[in-house]
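Please read the structure below before turning to the comments.
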Amino acid sequence: MATYDIAVIGNGLLGSAALRHLTVSCPKLKVCGIGPAEPRDRKTHQGVFASHYDQGRITRILDPSPLWGKLARESIARYSDIEAESGVGFHHRVGCLRATDIAERVADIDACAAAYEPPYKRLDAAGCKQAYPFLAFSDEFVAWDEAGEAGYINPRQLIEAQLKAAAKGGATIIREIVESLESCGDGVSVQTREGSVLRARKALLTAGGYSNTLLRRKLDMPTKSHTILLAELPPEEIEGLRGMPSIISSFDHLEVESLYMLPPVLYPDGKTYIKLGPSGRDEQFFDAMENDRELAPWFKSDGNPLTAADLKAALHRMIPNLKVLSYQTVPCLITYSAHGNPYIDALEAGRLYVTTAGNGMGAKSSDEIGRIGALLCATGEWHSDLNREDFRAVYMDGGRK
Ligand SMILES: Cc1cc2nc3c(=O)[nH]c(=O)nc-3n(C[C@H](O)[C@H](O)[C@H](O)COP(=O)(O)OP(=O)(O)OC[C@H]3O[C@@H](n4cnc5c(N)ncnc54)[C@H](O)[C@@H]3O)c2cc1C
């Protein structure tokens, strides 16, 4: 039977980052990452799904939460090293425009800007019109136009880069689905659906929205469905929107309270799409899941058509006269925590650790979240100047670690 010092369960954004950091910081440890690759066809797929099957995730430092601003800043600072180490590019510096008229958010984002000093300009409606003539906003909002490293990352390519670098550092990648995770002797026993059994001194659980399926005592982790819209653009629109930044806006669309939007991005089908989704609007809860099959019908669907219609209206309000060739809607999943920060904690000290709950914002910051989780698991110590209490796991029964 194969034995490891640490088994990371889930080769997604957080797991692949954790695995790479284990190989960098603890090169003597024998480590593996267990988790399947992306399904070839989600409609017929029989296994688990994930929250990263896409070509774009917005990256930026400015955030109403200083904790998230710091996680992003630390991660973004390492993007170019990860690209160089792996030979896989994933980072696009197109900038990020954030617009809001919510007073408390204005003060919080200004505080984040003062603390972390990313390059940005404050714009009003006239400034926005001048910088981005294709966007339509009415007056009375504040926008931060973040430059520098802000823009978007390709989550598939970031995972590929992390796993390549981890494998180069000696990690074993096992493309199987974990069926059970049990304490045994002075470690854990892991059994996969494909029939493998392995032992590890410690396990780090990073299975995203599926993490509760492997735990007897369930984490308080509201896992919610999320619908995105892809609008296919003709060549002249792609050209006309050159220079478009990633956008986060809680202003001026009647249909959705708040939305995020990426500039035109090339997808694997050879077509170029603008992608947008609603922030803070999720349709269905999948709490305390007993098994992964509960999520399959959602991932095999085309998402929620009502949300898709609202996103379509918001897109055309924000970019008037936009010519679109076709629309697609795609289902996704967002995994929240009780306190809005990721869970990075020891569930059984010395044996079982967790790093999960990206709260819809985890992609850009995955390298730092994974690093903190990896080092906590390897050393039992907290290696960050962020407050450990802010990341404590909370259980569904109300208990905290
Ligand atoms: C539509 C959408 C838009 C988003 N936009 C942004 C954005 O713009 N910027 C941003 O920063 N973040 C964004 N996010 C959030 C970000 O994608 C997530 O926070 C991130 O994917 C979480 O990473 P994770 O590793 O926890 O989970 P995942 O990326 O879902 O990875 C979990 C992994 O665990 C594996 N797994 C599951 N069960 C098992 C099992 N039993 N055995 C083995 N492996 C298992 C899965 O195969 C998967 O690979 C968005 C999310 C969605 C859904």
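Residues in the structure tokens are named by chain (A, B, ... in the order shown) and by number from 1 within that chain; ligands are numbered from 1 in the order shown.
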
Report as a tab-separated table the residues of chain A within 6 Å of ligand 1, each with its shortest atom pair and distance in Å (one decimal), using only C-alpha atoms and all ligand atoms, ordered by chain and increasing residue number.
residue	atom	partner	partner_atom_place_in_ligand_line	distance
A:Ile9	CA	ligand 1	43 (C)	5.2
A:Gly10	CA	ligand 1	34 (O)	3.6
A:Asn11	CA	ligand 1	49 (O)	4.7
A:Gly12	CA	ligand 1	31 (O)	3.3
A:Leu13	CA	ligand 1	25 (O)	3.8
A:Leu14	CA	ligand 1	25 (O)	3.8
A:Gly15	CA	ligand 1	25 (O)	5.4
A:Ile34	CA	ligand 1	43 (C)	5.5
A:Gly35	CA	ligand 1	44 (N)	3.6
A:Pro36	CA	ligand 1	47 (O)	5.1
A:Val48	CA	ligand 1	38 (N)	5.4
A:Phe49	CA	ligand 1	47 (O)	5.4
A:Ala50	CA	ligand 1	30 (O)	3.5
A:Ser51	CA	ligand 1	30 (O)	3.8
A:His52	CA	ligand 1	21 (O)	4.6
A:Arg57	CA	ligand 1	8 (O)	3.6
A:Ile58	CA	ligand 1	8 (O)	3.6
A:Thr59	CA	ligand 1	9 (N)	5.7
A:Ile177	CA	ligand 1	42 (N)	3.8
A:Val178	CA	ligand 1	42 (N)	3.7
A:Glu179	CA	ligand 1	41 (N)	5.7
A:Thr206	CA	ligand 1	25 (O)	5.8
A:Ala207	CA	ligand 1	34 (O)	3.4
A:Gly208	CA	ligand 1	27 (O)	3.6
A:Tyr210	CA	ligand 1	38 (N)	4.7
A:Ile228	CA	ligand 1	1 (C)	5.8
A:Cys332	CA	ligand 1	53 (C)	4.5
A:Leu333	CA	ligand 1	53 (C)	4.6
A:Ile334	CA	ligand 1	53 (C)	5.0
A:Thr356	CA	ligand 1	26 (O)	4.8
A:Ala357	CA	ligand 1	26 (O)	5.6
A:Gly358	CA	ligand 1	19 (O)	3.5
A:Asn359	CA	ligand 1	19 (O)	5.7
A:Gly360	CA	ligand 1	15 (C)	3.7
A:Met361	CA	ligand 1	12 (N)	3.5
A:Gly362	CA	ligand 1	19 (O)	3.3
A:Ala363	CA	ligand 1	11 (O)	3.6
A:Lys364	CA	ligand 1	11 (O)	3.9

Find the residues of range 142-167 of chain A that sit at most 12 Å from range 263-286 of chain A; for each, write down the nearest two atoms and how far apart they are in Å, to one decimal. Count only C-alpha atoms. Sort by chain, then by number going up, and give it as a tab-separated table.
residue	atom	partner	partner_atom	distance
A:Gly151	CA	A:Pro263	CA	9.2
A:Tyr152	CA	A:Pro263	CA	9.0
A:Ile153	CA	A:Val265	CA	10.7
A:Asn154	CA	A:Val265	CA	9.7
A:Arg156	CA	A:Pro268	CA	11.1

Exercise for review: Please identify all polymer residues within 8 Å of range 99-112 of chain A, counting only C-alpha atoms, omitting same-chain residues fewer than 3 positions from it, and present them as an MDAnalysis selection string.
Suggested key: chainID A and resid 62:66 69 115:117 140:144 247:251

Would you mind exporting N, CA and C atoms of the selected residues as a PDB file, in the first residue's frame?
ATOM      1  N   LEU A  62      -7.934  45.430  -4.705  1.00  0.00           N
ATOM      2  CA  LEU A  62      -8.920  46.275  -4.022  1.00  0.00           C
ATOM      3  C   LEU A  62     -10.164  45.481  -3.659  1.00  0.00           C
ATOM      4  N   ASP A  63     -10.531  45.533  -2.379  1.00  0.00           N
ATOM      5  CA  ASP A  63     -11.654  44.747  -1.880  1.00  0.00           C
ATOM      6  C   ASP A  63     -12.194  45.446  -0.632  1.00  0.00           C
ATOM      7  N   PRO A  64     -13.498  45.324  -0.373  1.00  0.00           N
ATOM      8  CA  PRO A  64     -14.011  45.927   0.864  1.00  0.00           C
ATOM      9  C   PRO A  64     -13.413  45.269   2.113  1.00  0.00           C
ATOM     10  N   SER A  65     -12.892  44.043   1.993  1.00  0.00           N
ATOM     11  CA  SER A  65     -12.306  43.366   3.155  1.00  0.00           C
ATOM     12  C   SER A  65     -10.787  43.419   3.067  1.00  0.00           C
ATOM     13  N   PRO A  66     -10.120  44.001   4.091  1.00  0.00           N
ATOM     14  CA  PRO A  66      -8.648  44.057   4.056  1.00  0.00           C
ATOM     15  C   PRO A  66      -8.030  42.658   4.073  1.00  0.00           C
ATOM     16  N   GLY A  69      -8.035  41.527   0.617  1.00  0.00           N
ATOM     17  CA  GLY A  69      -7.060  42.327  -0.122  1.00  0.00           C
ATOM     18  C   GLY A  69      -5.653  41.778   0.088  1.00  0.00           C
ATOM     19  N   ALA A 115      -4.032  50.779   2.443  1.00  0.00           N
ATOM     20  CA  ALA A 115      -3.194  49.769   3.113  1.00  0.00           C
ATOM     21  C   ALA A 115      -2.251  49.076   2.135  1.00  0.00           C
ATOM     22  N   TYR A 116      -2.739  48.751   0.941  1.00  0.00           N
ATOM     23  CA  TYR A 116      -1.939  47.883   0.057  1.00  0.00           C
ATOM     24  C   TYR A 116      -1.402  48.591  -1.184  1.00  0.00           C
ATOM     25  N   GLU A 117      -1.841  49.818  -1.408  1.00  0.00           N
ATOM     26  CA  GLU A 117      -1.300  50.695  -2.452  1.00  0.00           C
ATOM     27  C   GLU A 117      -1.137  50.070  -3.832  1.00  0.00           C
ATOM     28  N   GLU A 140     -23.362  59.568 -10.377  1.00  0.00           N
ATOM     29  CA  GLU A 140     -23.482  59.266  -8.939  1.00  0.00           C
ATOM     30  C   GLU A 140     -22.859  57.941  -8.528  1.00  0.00           C
ATOM     31  N   PHE A 141     -21.769  57.602  -9.056  1.00  0.00           N
ATOM     32  CA  PHE A 141     -21.079  56.422  -8.535  1.00  0.00           C
ATOM     33  C   PHE A 141     -19.586  56.735  -8.408  1.00  0.00           C
ATOM     34  N   VAL A 142     -18.912  55.844  -7.710  1.00  0.00           N
ATOM     35  CA  VAL A 142     -17.465  55.965  -7.554  1.00  0.00           C
ATOM     36  C   VAL A 142     -16.861  54.740  -8.213  1.00  0.00           C
ATOM     37  N   ALA A 143     -15.775  54.924  -8.954  1.00  0.00           N
ATOM     38  CA  ALA A 143     -15.108  53.756  -9.545  1.00  0.00           C
ATOM     39  C   ALA A 143     -13.621  53.808  -9.215  1.00  0.00           C
ATOM     40  N   TRP A 144     -13.069  52.631  -8.994  1.00  0.00           N
ATOM     41  CA  TRP A 144     -11.620  52.481  -8.831  1.00  0.00           C
ATOM     42  C   TRP A 144     -11.150  51.721 -10.056  1.00  0.00           C
ATOM     43  N   ILE A 247     -14.644  43.840 -14.843  1.00  0.00           N
ATOM     44  CA  ILE A 247     -15.536  44.824 -14.198  1.00  0.00           C
ATOM     45  C   ILE A 247     -16.270  44.167 -13.029  1.00  0.00           C
ATOM     46  N   ILE A 248     -16.337  44.901 -11.916  1.00  0.00           N
ATOM     47  CA  ILE A 248     -17.212  44.497 -10.803  1.00  0.00           C
ATOM     48  C   ILE A 248     -18.071  45.717 -10.521  1.00  0.00           C
ATOM     49  N   SER A 249     -19.395  45.570 -10.603  1.00  0.00           N
ATOM     50  CA  SER A 249     -20.228  46.747 -10.490  1.00  0.00           C
ATOM     51  C   SER A 249     -21.477  46.481  -9.661  1.00  0.00           C
ATOM     52  N   SER A 250     -21.666  47.291  -8.634  1.00  0.00           N
ATOM     53  CA  SER A 250     -22.909  47.192  -7.877  1.00  0.00           C
ATOM     54  C   SER A 250     -23.685  48.479  -8.133  1.00  0.00           C
ATOM     55  N   PHE A 251     -23.734  48.870  -9.382  1.00  0.00           N
ATOM     56  CA  PHE A 251     -24.346  50.151  -9.718  1.00  0.00           C
ATOM     57  C   PHE A 251     -25.019  50.093 -11.077  1.00  0.00           C
TER      58      PHE A 251
END

Point to revise | Residues within 10 Å of Lys300 in chain A, only C-alpha atoms, excluding chain neighbours under 4 positions, as an MDAnalysis selection string | key: chainID A and resid 41:45 49 295:296 330:331

Please write the residues from the selection above to a file, keeping all heavy atoms, as a PDB file, in the first residue's frame.
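Below is the file that was written, out.pdb:
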ATOM      1  N   ASP A  41     -17.148  15.683 -20.629  1.00  0.00           N
ATOM      2  CA  ASP A  41     -18.502  16.102 -21.011  1.00  0.00           C
ATOM      3  C   ASP A  41     -19.351  16.141 -19.741  1.00  0.00           C
ATOM      4  O   ASP A  41     -19.666  15.101 -19.174  1.00  0.00           O
ATOM      5  CB  ASP A  41     -19.065  15.076 -22.021  1.00  0.00           C
ATOM      6  CG  ASP A  41     -20.501  15.400 -22.385  1.00  0.00           C
ATOM      7  OD1 ASP A  41     -21.052  16.393 -21.861  1.00  0.00           O
ATOM      8  OD2 ASP A  41     -21.077  14.647 -23.189  1.00  0.00           O
ATOM      9  N   ARG A  42     -19.701  17.366 -19.304  1.00  0.00           N
ATOM     10  CA  ARG A  42     -20.379  17.449 -18.002  1.00  0.00           C
ATOM     11  C   ARG A  42     -21.767  16.822 -18.036  1.00  0.00           C
ATOM     12  O   ARG A  42     -22.300  16.400 -17.012  1.00  0.00           O
ATOM     13  CB  ARG A  42     -20.401  18.886 -17.490  1.00  0.00           C
ATOM     14  CG  ARG A  42     -21.299  19.822 -18.223  1.00  0.00           C
ATOM     15  CD  ARG A  42     -21.232  21.231 -17.623  1.00  0.00           C
ATOM     16  NE  ARG A  42     -21.813  22.186 -18.543  1.00  0.00           N
ATOM     17  CZ  ARG A  42     -23.096  22.482 -18.604  1.00  0.00           C
ATOM     18  NH1 ARG A  42     -23.947  21.907 -17.789  1.00  0.00           N
ATOM     19  NH2 ARG A  42     -23.539  23.357 -19.492  1.00  0.00           N
ATOM     20  N   LYS A  43     -22.369  16.735 -19.212  1.00  0.00           N
ATOM     21  CA  LYS A  43     -23.745  16.199 -19.295  1.00  0.00           C
ATOM     22  C   LYS A  43     -23.781  14.690 -19.043  1.00  0.00           C
ATOM     23  O   LYS A  43     -24.808  14.154 -18.644  1.00  0.00           O
ATOM     24  CB  LYS A  43     -24.348  16.502 -20.665  1.00  0.00           C
ATOM     25  CG  LYS A  43     -24.435  17.985 -20.984  1.00  0.00           C
ATOM     26  CD  LYS A  43     -25.812  18.529 -20.697  1.00  0.00           C
ATOM     27  CE  LYS A  43     -25.842  20.027 -21.001  1.00  0.00           C
ATOM     28  NZ  LYS A  43     -27.073  20.673 -20.715  1.00  0.00           N
ATOM     29  N   THR A  44     -22.679  14.001 -19.337  1.00  0.00           N
ATOM     30  CA  THR A  44     -22.689  12.546 -19.141  1.00  0.00           C
ATOM     31  C   THR A  44     -21.749  12.106 -18.005  1.00  0.00           C
ATOM     32  O   THR A  44     -21.656  10.927 -17.708  1.00  0.00           O
ATOM     33  CB  THR A  44     -22.225  11.819 -20.437  1.00  0.00           C
ATOM     34  OG1 THR A  44     -20.924  12.304 -20.778  1.00  0.00           O
ATOM     35  CG2 THR A  44     -23.181  12.067 -21.589  1.00  0.00           C
ATOM     36  N   HIS A  45     -21.094  13.072 -17.380  1.00  0.00           N
ATOM     37  CA  HIS A  45     -20.081  12.769 -16.367  1.00  0.00           C
ATOM     38  C   HIS A  45     -20.695  12.085 -15.143  1.00  0.00           C
ATOM     39  O   HIS A  45     -21.766  12.464 -14.690  1.00  0.00           O
ATOM     40  CB  HIS A  45     -19.419  14.093 -15.961  1.00  0.00           C
ATOM     41  CG  HIS A  45     -18.361  13.959 -14.938  1.00  0.00           C
ATOM     42  ND1 HIS A  45     -17.213  13.238 -15.152  1.00  0.00           N
ATOM     43  CD2 HIS A  45     -18.260  14.442 -13.671  1.00  0.00           C
ATOM     44  CE1 HIS A  45     -16.450  13.291 -14.074  1.00  0.00           C
ATOM     45  NE2 HIS A  45     -17.073  14.015 -13.163  1.00  0.00           N
ATOM     46  N   PHE A  49     -17.689  17.362  -9.628  1.00  0.00           N
ATOM     47  CA  PHE A  49     -17.469  18.552 -10.456  1.00  0.00           C
ATOM     48  C   PHE A  49     -16.664  19.566  -9.623  1.00  0.00           C
ATOM     49  O   PHE A  49     -16.297  19.281  -8.494  1.00  0.00           O
ATOM     50  CB  PHE A  49     -18.814  19.164 -10.864  1.00  0.00           C
ATOM     51  CG  PHE A  49     -19.635  18.276 -11.768  1.00  0.00           C
ATOM     52  CD1 PHE A  49     -20.451  17.269 -11.244  1.00  0.00           C
ATOM     53  CD2 PHE A  49     -19.592  18.431 -13.140  1.00  0.00           C
ATOM     54  CE1 PHE A  49     -21.203  16.446 -12.073  1.00  0.00           C
ATOM     55  CE2 PHE A  49     -20.341  17.612 -13.980  1.00  0.00           C
ATOM     56  CZ  PHE A  49     -21.148  16.617 -13.441  1.00  0.00           C
ATOM     57  N   LEU A 295     -25.159  16.870  -6.213  1.00  0.00           N
ATOM     58  CA  LEU A 295     -24.861  18.038  -7.052  1.00  0.00           C
ATOM     59  C   LEU A 295     -24.978  17.766  -8.547  1.00  0.00           C
ATOM     60  O   LEU A 295     -25.057  18.699  -9.341  1.00  0.00           O
ATOM     61  CB  LEU A 295     -23.431  18.517  -6.770  1.00  0.00           C
ATOM     62  CG  LEU A 295     -23.229  19.328  -5.501  1.00  0.00           C
ATOM     63  CD1 LEU A 295     -21.760  19.624  -5.307  1.00  0.00           C
ATOM     64  CD2 LEU A 295     -24.022  20.612  -5.583  1.00  0.00           C
ATOM     65  N   ALA A 296     -24.975  16.482  -8.916  1.00  0.00           N
ATOM     66  CA  ALA A 296     -24.884  16.140 -10.349  1.00  0.00           C
ATOM     67  C   ALA A 296     -25.997  16.767 -11.197  1.00  0.00           C
ATOM     68  O   ALA A 296     -25.706  17.335 -12.258  1.00  0.00           O
ATOM     69  CB  ALA A 296     -24.851  14.628 -10.512  1.00  0.00           C
ATOM     70  N   VAL A 330     -24.182  28.657 -18.130  1.00  0.00           N
ATOM     71  CA  VAL A 330     -23.380  27.572 -17.565  1.00  0.00           C
ATOM     72  C   VAL A 330     -23.625  27.524 -16.056  1.00  0.00           C
ATOM     73  O   VAL A 330     -23.615  28.563 -15.395  1.00  0.00           O
ATOM     74  CB  VAL A 330     -21.873  27.808 -17.846  1.00  0.00           C
ATOM     75  CG1 VAL A 330     -21.036  26.636 -17.360  1.00  0.00           C
ATOM     76  CG2 VAL A 330     -21.628  28.051 -19.335  1.00  0.00           C
ATOM     77  N   PRO A 331     -23.835  26.308 -15.493  1.00  0.00           N
ATOM     78  CA  PRO A 331     -24.017  26.204 -14.044  1.00  0.00           C
ATOM     79  C   PRO A 331     -22.676  26.161 -13.335  1.00  0.00           C
ATOM     80  O   PRO A 331     -21.718  25.599 -13.852  1.00  0.00           O
ATOM     81  CB  PRO A 331     -24.741  24.860 -13.888  1.00  0.00           C
ATOM     82  CG  PRO A 331     -24.224  24.034 -15.030  1.00  0.00           C
ATOM     83  CD  PRO A 331     -23.923  24.988 -16.160  1.00  0.00           C
TER      84      PRO A 331
END

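The neighbours of Tyr4 in chain A here are the residues that come within 6 Å of it, using only C-alpha atoms and leaving out any residue fewer than 4 positions away in the same chain; they are Lys30, Val31 and Ala200 of chain A.
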
Check your understanding: Which residues, written as a ChimeraX atom specification, have at least one atom at most 10 Å from Gln191 in chain A, with only C-alpha atoms counted and residues fewer than 6 positions away on the same chain left out?
Key -> /A:176-182,197-199

Exercise for review: Return as a ChimeraX atom specification the full set of residues in range 129-335 of chain A whose backbone-based DSSP assignment is alpha helix (DSSP H).
Suggested key: /A:129-131,155-168,235-240,296-300,305-318

Review point. So, counting only C-alpha atoms, which residue among A:Leu322, A:Ala161, A:Ile76, A:Leu67 is closest to Ser16 in chain A?
Key: A:Ala161

Exercise for review: Using only C-alpha atoms, pick whichever of A:Val94, A:Val88, A:Leu376, A:Met318 has the shortest atom-to-atom distance to Asp252 in chain A.
Suggested key: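 With only C-alpha atoms as the atom set, the closest residue is A:Met318.
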